[in-house]
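Asker: Okay, here's the structure, questions in a sec.
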Amino acid sequence: MALVGAGVWYAVNPVTEDFTDKQPTQNIDSEIVIIVGGDVNMGRQTGQKILAGEIDYPFLNIAEVLKSADIAFVNLESQLADLNGETQSPTNEYRFAGPPEGAQSLANAGIDIVSVANNHMWDYGKARLEETLTNLNNAGVIYVGANMDPTQVWTPKIIEVKGKKVAFLAMTNLLNGYENSGANEFVAFQNGSRLVAEIQKIKDEVDWVIISLHSGAEYTANPSSAMVQMSHDLIDAGADAILAGHPHVPQRIEEYTAGSSSPSFTKVSEGEGIKNQSKGIIFYSLGNFAFWQPFDFWTQHSFLAKLKLTIPHQVEYEIVPVNSGWQPSVLTDTDAIQQLMTRLNPES
């Protein structure tokens, strides 16, 4: 299957942020480290904790890991708006939002950029989306995948650090049905050809292209064939890494050579980097991060990926296993880590 959707793309100037003065990492000067995490929900109990003054509650046990990177990225799967104390709908448990102060929670934890292209970014409608983006701006957190100016929705956010440029783009293939009339004007929604065009337009202007893709089926162990094809198409277009989410459980990692008909499933080890030689890295689902879903083992265990960038358009990475939930933490249980590594490496 090819990527779905069609549309005209606009020649707009990408937004560039300079992170040269950010606290340096412990790594060599030429290496850029990006830590990426999965789904973050600032609503529900987390939102109530923040409203009670516990601003740092969500990332209390893992902030130092996030701060160790040059850039930290997560998928923000909730609006951040003043709903008079409501952080979850009284009539629909799957409709939620964090309070405005949640933006500061992200910033305090060292999170630099978030994707806002996902199915929950219209839960309380257009006005709350605008409030969310304003709150993120005020906290100094970059967002990608939505914009109140429709001509800027697909614009990449480019972060410059150590003299190199990293472009982020985001798209969701899902939007919830709450007040979603007109949502696709403001959220990057289900237009694969547009995303491909944006990748092709920017890839030679930057050193790395990273895509946040919100797609797939919830709670499934493996990506669908359509998800695999979509991810391959994005790598073929020039993306260097795909950060996918929505299943709420971790899925396998693939090392895919652009234009190849035979995917190569990478073997990863906790704490050990795997070099990507002219391949795109696909994280089919990063799973939950700061998101409470005590359904089973896999909704409560996932990972952070530590991307290590030295050579343009090549990626090395490490896996940091985590306990997911209200307050994520580094996973230390050896049996659980082994299960996770097997899950990420089904061919090993």
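Residue numbers start at 1 in each chain; chains themselves are named A, B, ... in the order of the structure tokens; ligands are numbered from 1 in the order shown.
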Give me the residues near Trp326 (chain A) as a VMD selection string, where near means some atom within 12 Å (using only C-alpha atoms) and where sequence neighbours in that chain fewer than 3 positions away do not count.

Answerer: chain A and resid 39 to 50 56 to 62 288 to 294 299 to 300 323 329

Asker: Please measure the separation of CA of Val65 (chain A) and CA of Leu286 (chain A), giving the value in Å to one decimal.

Answerer: 16.5 Å

Asker: Using DSSP on the backbone coordinates, identify the residues of region 137-269 of chain A assigned to strand (DSSP E or B); present them as a PyMOL selection string.

Answerer: chain A and resi 142-144+146+157-161+164-172+187+189+208-214+241-245+250+253-257+264+269

Asker: Excluding Lys157 (chain A) and residues on its chain fewer than 6 positions from it, collect all residues at most 12 Å away from it, counting only C-alpha atoms, and give them as a tab-separated table (two decimals) with N, CA and C atoms, in the first residue's frame.

Answerer:
```tsv
chain	number	residue	atom	x	y	z
A	12	VAL	N	6.92	27.25	2.59
A	12	VAL	CA	7.02	28.10	3.77
A	12	VAL	C	8.39	27.90	4.39
A	13	ASN	N	8.84	28.88	5.14
A	13	ASN	CA	10.15	28.80	5.75
A	13	ASN	C	10.09	27.98	7.02
A	14	PRO	N	10.94	26.95	7.16
A	14	PRO	CA	10.96	26.17	8.39
A	14	PRO	C	11.43	27.01	9.56
A	15	VAL	N	10.96	26.64	10.75
A	15	VAL	CA	11.33	27.35	11.96
A	15	VAL	C	12.59	26.72	12.54
A	16	THR	N	13.60	27.52	12.81
A	16	THR	CA	14.85	27.01	13.34
A	16	THR	C	15.07	27.50	14.75
A	17	GLU	N	15.38	26.59	15.65
A	17	GLU	CA	15.71	26.91	17.03
A	17	GLU	C	17.18	26.59	17.26
A	18	ASP	N	17.90	27.48	17.94
A	18	ASP	CA	19.32	27.29	18.21
A	18	ASP	C	19.50	26.80	19.64
A	112	ASP	N	12.42	19.32	25.32
A	112	ASP	CA	12.62	20.47	24.45
A	112	ASP	C	11.58	20.59	23.35
A	113	ILE	N	11.10	19.45	22.85
A	113	ILE	CA	10.18	19.48	21.71
A	113	ILE	C	9.18	18.35	21.85
A	114	VAL	N	7.93	18.62	21.48
A	114	VAL	CA	6.87	17.63	21.56
A	114	VAL	C	6.14	17.56	20.23
A	115	SER	N	5.64	16.37	19.91
A	115	SER	CA	4.70	16.25	18.80
A	115	SER	C	3.31	16.52	19.33
A	141	VAL	N	8.76	25.36	25.19
A	141	VAL	CA	8.76	24.01	24.63
A	141	VAL	C	8.32	24.10	23.17
A	142	ILE	N	9.15	23.59	22.28
A	142	ILE	CA	8.86	23.60	20.85
A	142	ILE	C	7.81	22.55	20.55
A	143	TYR	N	6.92	22.82	19.61
A	143	TYR	CA	5.93	21.82	19.19
A	143	TYR	C	5.96	21.69	17.68
A	144	VAL	N	5.57	20.50	17.20
A	144	VAL	CA	5.53	20.24	15.77
A	144	VAL	C	4.32	19.38	15.49
A	145	GLY	N	3.69	19.61	14.34
A	145	GLY	CA	2.54	18.81	13.93
A	145	GLY	C	1.20	19.48	14.06
A	146	ALA	N	1.17	20.72	14.51
A	146	ALA	CA	-0.07	21.49	14.58
A	146	ALA	C	0.29	22.96	14.61
A	147	ASN	N	-0.64	23.78	14.15
A	147	ASN	CA	-0.42	25.22	14.15
A	147	ASN	C	-1.75	25.92	13.92
A	165	LYS	N	22.03	20.67	12.06
A	165	LYS	CA	20.59	20.94	12.03
A	165	LYS	C	19.81	19.62	12.01
A	166	VAL	N	18.83	19.54	12.92
A	166	VAL	CA	17.95	18.38	13.00
A	166	VAL	C	16.53	18.86	12.74
A	167	ALA	N	15.89	18.30	11.70
A	167	ALA	CA	14.52	18.68	11.36
A	167	ALA	C	13.54	17.66	11.92
A	168	PHE	N	12.47	18.17	12.53
A	168	PHE	CA	11.39	17.33	13.04
A	168	PHE	C	10.11	17.64	12.25
A	169	LEU	N	9.43	16.57	11.86
A	169	LEU	CA	8.11	16.67	11.24
A	169	LEU	C	7.18	15.69	11.95
A	170	ALA	N	5.87	15.95	11.89
A	170	ALA	CA	4.93	15.06	12.59
A	170	ALA	C	3.63	14.97	11.81
A	198	GLU	N	7.35	17.26	2.10
A	198	GLU	CA	8.08	18.08	3.07
A	198	GLU	C	9.44	17.47	3.40
A	199	ILE	N	9.50	16.14	3.50
A	199	ILE	CA	10.78	15.48	3.75
A	199	ILE	C	11.73	15.74	2.60
A	202	ILE	N	13.20	19.28	2.55
A	202	ILE	CA	14.10	19.72	3.62
A	202	ILE	C	15.34	18.86	3.76
A	206	VAL	N	19.30	20.02	5.82
A	206	VAL	CA	19.59	19.72	7.22
A	206	VAL	C	20.47	18.47	7.30
A	208	TRP	N	19.87	15.85	9.66
A	208	TRP	CA	19.03	14.68	9.96
A	208	TRP	C	17.56	15.09	9.87
A	209	VAL	N	16.73	14.14	9.47
A	209	VAL	CA	15.28	14.34	9.42
A	209	VAL	C	14.62	13.27	10.28
A	210	ILE	N	13.85	13.70	11.27
A	210	ILE	CA	13.19	12.80	12.20
A	210	ILE	C	11.68	13.01	12.10
A	211	ILE	N	10.95	11.91	11.98
A	211	ILE	CA	9.50	11.97	11.79
A	211	ILE	C	8.78	11.36	12.98
A	212	SER	N	7.83	12.09	13.53
A	212	SER	CA	6.92	11.53	14.52
A	212	SER	C	5.64	11.12	13.80
```

Asker: Dump as a Markdown table the rows for residues of region 216-266 of chain A within 12 Å of region 118-131 of chain A: closest atom pair and distance in Å with one decimal, only C-alpha atoms counted, ordered by chain and rising residue number.

Answerer:
```
| residue | atom | partner | partner_atom | distance |
| --- | --- | --- | --- | --- |
| A:Gly216 | CA | A:Asn118 | CA | 11.5 |
| A:Ala244 | CA | A:Asn118 | CA | 10.6 |
| A:Gly245 | CA | A:Asn118 | CA | 8.9 |
| A:His246 | CA | A:Asn118 | CA | 8.1 |
| A:Pro247 | CA | A:Asn119 | CA | 11.8 |
```

Asker: Hey, which of A:Met230, A:Val116, A:Ile159, A:Ala107 ends up closest to Ala139 (chain A)? Count only C-alpha atoms.

Answerer: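 Among the listed residues, the smallest separation from Ala139 (chain A) belongs to A:Ala107.
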
Asker: What's the separation between CA of Gln190 (chain A) and CA of Asn173 (chain A), in Å to one decimal place?

Answerer: 4.5 Å

Asker: Leaving out Glu185 (chain A) and any residue of its chain fewer than 4 positions from it, which residues lie within 9 Å of it when counting only C-alpha atoms, given as an MDAnalysis selection string?

Answerer: chainID A and resid 146:151 153 189

Asker: Calculate how many Å separate CA of Ala69 (chain A) from CA of Leu136 (chain A), rounding to one decimal.

Answerer: 19.7 Å

Asker: As a PyMOL selection string, please: the residues near region 222-225 of chain A (cut-off 12 Å, only C-alpha atoms, same-chain neighbours under 2 positions excluded).

Answerer: chain A and resi 1-3+215-220+227-232+244-254+282-287+343-346

Asker: With N, CA and C atoms retained, export the selected residues as a compact mmCIF listing (two decimals), in the first residue's frame.

Answerer:
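Printed below is part17.txt as written:
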```
# COMPACT_ATOMS: atom_id res chain seq x y z
N MET A 1 0.84 -1.20 0.00
CA MET A 1 0.00 0.00 0.00
C MET A 1 0.87 1.25 0.00
N ALA A 2 0.45 2.23 -0.72
CA ALA A 2 1.18 3.49 -0.73
C ALA A 2 0.65 4.37 0.40
N LEU A 3 1.37 5.44 0.64
CA LEU A 3 0.90 6.40 1.62
C LEU A 3 -0.42 7.00 1.17
N SER A 215 0.16 6.49 14.46
CA SER A 215 -0.62 5.59 13.62
C SER A 215 -0.56 4.19 14.20
N GLY A 216 -1.29 3.27 13.59
CA GLY A 216 -1.27 1.88 14.02
C GLY A 216 -2.48 1.52 14.87
N ALA A 217 -2.52 0.26 15.28
CA ALA A 217 -3.63 -0.26 16.08
C ALA A 217 -3.22 -0.39 17.54
N GLU A 218 -4.11 0.01 18.42
CA GLU A 218 -3.81 -0.01 19.86
C GLU A 218 -3.63 -1.44 20.37
N TYR A 219 -2.64 -1.57 21.26
CA TYR A 219 -2.38 -2.80 22.05
C TYR A 219 -1.99 -4.00 21.19
N THR A 220 -1.54 -3.78 19.98
CA THR A 220 -1.11 -4.88 19.12
C THR A 220 0.40 -5.07 19.22
N MET A 227 1.30 -0.06 8.02
CA MET A 227 2.20 0.76 8.82
C MET A 227 3.65 0.56 8.39
N VAL A 228 4.01 -0.68 8.10
CA VAL A 228 5.37 -0.97 7.64
C VAL A 228 5.63 -0.26 6.31
N GLN A 229 4.67 -0.36 5.37
CA GLN A 229 4.85 0.28 4.07
C GLN A 229 4.94 1.79 4.20
N MET A 230 4.10 2.37 5.05
CA MET A 230 4.14 3.81 5.26
C MET A 230 5.49 4.26 5.78
N SER A 231 6.02 3.52 6.76
CA SER A 231 7.31 3.86 7.34
C SER A 231 8.42 3.73 6.31
N HIS A 232 8.36 2.68 5.50
CA HIS A 232 9.36 2.50 4.44
C HIS A 232 9.30 3.65 3.45
N ALA A 244 7.31 6.29 16.04
CA ALA A 244 5.89 6.02 15.91
C ALA A 244 5.24 5.72 17.25
N GLY A 245 3.96 5.97 17.31
CA GLY A 245 3.20 5.73 18.52
C GLY A 245 1.72 5.62 18.22
N HIS A 246 0.97 5.28 19.22
CA HIS A 246 -0.48 5.11 19.29
C HIS A 246 -0.85 3.74 19.85
N PRO A 247 -0.09 2.66 19.56
CA PRO A 247 -0.47 1.36 20.12
C PRO A 247 -0.42 1.29 21.64
N HIS A 248 0.32 2.19 22.30
CA HIS A 248 0.46 2.20 23.77
C HIS A 248 1.24 1.02 24.31
N VAL A 249 1.82 0.25 23.43
CA VAL A 249 2.71 -0.85 23.82
C VAL A 249 3.92 -0.79 22.90
N PRO A 250 5.09 -1.23 23.36
CA PRO A 250 6.26 -1.21 22.49
C PRO A 250 6.16 -2.25 21.38
N GLN A 251 6.67 -1.88 20.22
CA GLN A 251 6.75 -2.81 19.09
C GLN A 251 8.19 -2.86 18.59
N ARG A 252 8.45 -3.75 17.66
CA ARG A 252 9.80 -4.02 17.21
C ARG A 252 10.46 -2.79 16.58
N ILE A 253 11.75 -2.87 16.48
CA ILE A 253 12.57 -1.85 15.83
C ILE A 253 13.09 -2.42 14.53
N GLU A 254 13.03 -1.61 13.49
CA GLU A 254 13.53 -2.06 12.18
C GLU A 254 14.60 -1.12 11.67
N ILE A 282 13.42 2.64 12.32
CA ILE A 282 11.99 2.75 12.53
C ILE A 282 11.63 2.17 13.90
N PHE A 283 11.17 3.02 14.78
CA PHE A 283 10.62 2.58 16.06
C PHE A 283 9.11 2.49 15.85
N TYR A 284 8.61 1.28 15.60
CA TYR A 284 7.21 1.14 15.20
C TYR A 284 6.24 1.56 16.29
N SER A 285 6.64 1.43 17.53
CA SER A 285 5.86 2.01 18.63
C SER A 285 6.78 2.17 19.84
N LEU A 286 6.88 3.41 20.30
CA LEU A 286 7.66 3.69 21.50
C LEU A 286 6.87 3.34 22.76
N GLY A 287 5.58 3.06 22.60
CA GLY A 287 4.77 2.68 23.75
C GLY A 287 4.47 3.85 24.67
N ARG A 343 11.09 -8.51 22.76
CA ARG A 343 9.96 -7.85 22.07
C ARG A 343 10.48 -6.94 20.95
N LEU A 344 11.56 -6.23 21.21
CA LEU A 344 12.10 -5.30 20.22
C LEU A 344 12.86 -6.02 19.12
N ASN A 345 13.26 -7.27 19.39
CA ASN A 345 14.06 -8.06 18.45
C ASN A 345 13.40 -9.40 18.18
N PRO A 346 12.27 -9.42 17.53
CA PRO A 346 11.55 -10.71 17.35
C PRO A 346 12.32 -11.71 16.52
```
